[in-house]
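*Asks:* The structure is given below, and queries will be raised subsequently.
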Amino acid sequence: MERNFIAELRHQYKYGGAAVQLIFINVSIFLAIRIIDVFFNLTTANENIFIDNYASHVVGLHTNIIDFSKHPWGLFTSIFTHYSLMHLLFNMVFLYFSGKLFLQLFDKRRLITTYILGGLIGGLFEVLAHSLFPKLQLFDDIVLGASGAIMAIFVAIAFHRPQLKINLFGVIPVRMIVLAVLFILVDLLALDKKDGTAHFAHLGGAVLGVISIQNIQSPKNIVNLSQKLWDTFKTLFQKRSTKFKVTKGGKANERYKTDEEYNIEEKSRQIQVDKILDKISKSGYESLTKKEKKFLFNQSKNG
């Protein structure tokens with residue numbers, strides 16, 4: 001049965017994977033802000049009234065340290081916010097392809113955590129840079145966009161699998177590590193330019209990306225540690241879900257997994273994924289058994 005437009009959107013959000021879900025969130029926020037801005041513009045001859053006078057100050061990242069201290073939440077809200085259509089399109093295309101590659105190596109939760117941490121660290125880099133460098137102090141910028149967060153995802157893939165190649169423009173095979181280094185160099189060389197790009201945020205995201213794949217199985221890994229802290233935080237403010245439930249028809253009680261059990265299973269699954277990917281890099285995809293192909297397909301689908 002064919003799905004209508006709304007049903008298709010729901011289906012894509014539910015089954016499209018974490019990268020698609022992040023894109024949905026970014027696009028929804030963009031549309032909401034632009035639609036509100038349209039109605040504000042109808043009241044006067046000026047353009048972008050809502051965006052310039054309200055939205056930017058509320059959800060944007062203030063680089064001036066005084067303004068930042070009054071709007072600290074901008075560190076988080078800014079990484080889901082875009083005002084320019086071209087800015088949104090470029091970032092979402094980059095997020096889609098980077099996210100899909102990321103989910104072939106890691107799980108959904110790690111993608112979301114890397115996105116958020118990359119955005120937060122990138123934002124902190126931008127604020128600190130405006131506090132330290134006199135030239136940047138001349139401008140009280142408000143930063144928006146997911147570039148730093150997406151850079152973290154891309155760099156994490158590139159440094160975790162430096163041999164991995166992608167087809168640039170669909171034709172030219174290039175190692176991701178080469179592209180990642182080029183992106184970093186471009187931002188480094190443009191740090192003194194006033195070009196409307198948050199280069200320090202990009203570099204902050206890149207730094208997080210590199211750090212995020214160091215000692216990746218260790219509980220001290222920044223992503224693993226952040227996830228553990230988040231789990232601990234949740235247990236402090238909400239009751240732990242009941243571990244048992246009664247099913248219909250008099251069937252035996254089904255036991256829910258604890259956080260510890262879930263984390264153990266995730267680590268075991270990640271180890272198996274890494275082994276399969278190593279086998280592909282050495283002997284090619286066709287060397288996999290049917291069981292290994294099915295396992296890899298299921299992981300990509302569940303991501």
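Each chain of the structure tokens is named A, B, ... in the order shown, its residues numbered from 1; ligands are numbered from 1 in display order.
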When you look at A:Asp187 with a cut-off of 7 Å (counting only C-alpha atoms), what residues show up, excluding the ones that are within fewer than 3 positions of it in the same chain? I need them as a list in words.
*Replies:*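 Returned residues: Phe183, Ile184, Ala190, Leu191, His199 and Leu203 of chain A.
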*Asks:* Sorted by chain and rising residue number, which residues of stretch 140-192 of chain A lie within 8 Å of stretch 67-82 of chain A, and what are their closest atom pairs and distances in Å to one decimal, counting only C-alpha atoms, as JSON lines?
*Replies:*
{"residue": "A:Val143", "atom": "CA", "partner": "A:Ser78", "partner_atom": "CA", "distance": 7.0}
{"residue": "A:Leu144", "atom": "CA", "partner": "A:Ser78", "partner_atom": "CA", "distance": 4.9}
{"residue": "A:Gly145", "atom": "CA", "partner": "A:Ile79", "partner_atom": "CA", "distance": 5.0}
{"residue": "A:Ala146", "atom": "CA", "partner": "A:Ile79", "partner_atom": "CA", "distance": 4.4}
{"residue": "A:Ser147", "atom": "CA", "partner": "A:Ile79", "partner_atom": "CA", "distance": 7.7}
{"residue": "A:Gly148", "atom": "CA", "partner": "A:Ile79", "partner_atom": "CA", "distance": 7.9}
{"residue": "A:Ala149", "atom": "CA", "partner": "A:Ile79", "partner_atom": "CA", "distance": 7.0}
*Asks:* Take the residues that were just selected and, keeping N, CA and C atoms, output them as a PDB file, in the first residue's frame.
*Replies:*
ATOM      1  N   VAL A 143      26.899  32.983  16.120  1.00  0.00           N
ATOM      2  CA  VAL A 143      27.197  31.830  15.272  1.00  0.00           C
ATOM      3  C   VAL A 143      26.007  30.884  15.221  1.00  0.00           C
ATOM      4  N   LEU A 144      25.736  30.379  14.023  1.00  0.00           N
ATOM      5  CA  LEU A 144      24.645  29.424  13.806  1.00  0.00           C
ATOM      6  C   LEU A 144      25.124  28.317  12.869  1.00  0.00           C
ATOM      7  N   GLY A 145      24.532  27.141  13.005  1.00  0.00           N
ATOM      8  CA  GLY A 145      24.805  26.074  12.050  1.00  0.00           C
ATOM      9  C   GLY A 145      25.428  24.829  12.649  1.00  0.00           C
ATOM     10  N   ALA A 146      25.312  23.739  11.906  1.00  0.00           N
ATOM     11  CA  ALA A 146      25.762  22.426  12.374  1.00  0.00           C
ATOM     12  C   ALA A 146      27.139  22.046  11.846  1.00  0.00           C
ATOM     13  N   SER A 147      27.865  23.010  11.269  1.00  0.00           N
ATOM     14  CA  SER A 147      29.137  22.679  10.610  1.00  0.00           C
ATOM     15  C   SER A 147      30.141  22.017  11.542  1.00  0.00           C
ATOM     16  N   GLY A 148      30.307  22.562  12.751  1.00  0.00           N
ATOM     17  CA  GLY A 148      31.251  21.983  13.697  1.00  0.00           C
ATOM     18  C   GLY A 148      30.865  20.576  14.093  1.00  0.00           C
ATOM     19  N   ALA A 149      29.569  20.350  14.290  1.00  0.00           N
ATOM     20  CA  ALA A 149      29.072  19.026  14.666  1.00  0.00           C
ATOM     21  C   ALA A 149      29.313  18.018  13.553  1.00  0.00           C
TER      22      ALA A 149
END
*Asks:* Pick out each residue of stretch 145-289 of chain A that DSSP on the backbone tags as strand (DSSP E); I need them as a count of residues only.
*Replies:* 12
*Asks:* Kindly give the distance, in Å, that separates atom CA of A:Asn91 and atom CA of A:Ser56, rounded to a single decimal.
*Replies:*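 Taking atom CA of A:Asn91 and atom CA of A:Ser56, their separation equals 18.5 Å.
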*Asks:* What is the atom CA of A:Leu117 to atom CA of A:Leu22 distance in Å?
*Replies:*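 Going from atom CA of A:Leu117 over to atom CA of A:Leu22, I get 14.0 Å.
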*Asks:* Would you mind listing what lies within 12 Å of A:Gln299 as a PyMOL selection string, with only C-alpha atoms counted and same-chain residues fewer than 2 positions away left out?
*Replies:* chain A and resi 17+100+102-108+266+269-270+272-274+276+292-297+301-303
*Asks:* For A:Gly122, list every protein, DNA or RNA residue within 8 Å, evaluated using only C-alpha atoms, and leave out those in the same chain fewer than 3 positions away; present the list as number ranges by chain.
*Replies:* A: 118-119, 125-126, 148-149, 200-205
*Asks:* Would you mind reading off the distance between atom CA of A:Phe233 and atom CA of A:Ala55, one decimal, in Å?
*Replies:*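 Between atom CA of A:Phe233 and atom CA of A:Ala55 the gap works out to 29.5 Å.
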*Asks:* If you run DSSP on the backbone, which residues of stretch 6-230 of chain A are helix (DSSP H, G or I), as a ChimeraX atom specification?
*Replies:* /A:6-15,18-41,49-59,65-70,74-80,85-105,108-132,136-138,147-160,176-189,199-212,222-230
*Asks:* List as JSON, numbers by chain the protein and nucleic acid residues near A:Ser98, meaning an atom at most 12 Å away when only C-alpha atoms are counted, but skip any in the same chain fewer than 6 places from it.
*Replies:* {"A": [18, 19, 20, 23, 91, 92, 104, 105, 106, 111, 114, 115, 147, 149, 150, 151, 152, 153, 154, 155, 156, 157, 158, 166, 176, 180]}
*Asks:* Any idea what's packed within 6 Å of stretch 62-64 of chain A, counting only C-alpha atoms, ignoring anything in its chain fewer than 2 positions away? Could you give it as an NGL selection string?
*Replies:* :A and (66-68 or 127 or 140-142)
*Asks:* Output C-alpha atoms of each residue in that selection to a file, as a PDB file, in the first residue's frame.
*Replies:*
ATOM      1  CA  ILE A  66      29.356  38.721  28.343  1.00  0.00           C
ATOM      2  CA  ASP A  67      26.493  37.986  25.965  1.00  0.00           C
ATOM      3  CA  PHE A  68      27.376  34.288  26.040  1.00  0.00           C
ATOM      4  CA  VAL A 127      33.770  31.765  22.090  1.00  0.00           C
ATOM      5  CA  ASP A 140      30.228  40.529  18.418  1.00  0.00           C
ATOM      6  CA  ASP A 141      29.253  37.651  16.145  1.00  0.00           C
ATOM      7  CA  ILE A 142      26.335  35.284  16.609  1.00  0.00           C
TER       8      ILE A 142
END
*Asks:* Rank nothing, just name the residue among A:Ile51, A:Leu101, A:Leu124, A:Ile264 nearest to A:Pro219, using only C-alpha atoms.
*Replies:*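 Result for the nearest residue to A:Pro219: A:Ile264.
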*Asks:* Nearest to A:Ile49: which of A:Val181, A:Leu61, A:Arg34, A:Tyr13 is it, counting only C-alpha atoms?
*Replies:*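 Closest to A:Ile49, using only C-alpha atoms: A:Arg34.
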*Asks:* Find the residue from A:Asn48, A:Gln137, A:Leu164, A:Leu9 that sits nearest to A:Lys282; use only C-alpha atoms when measuring.
*Replies:* A:Leu164
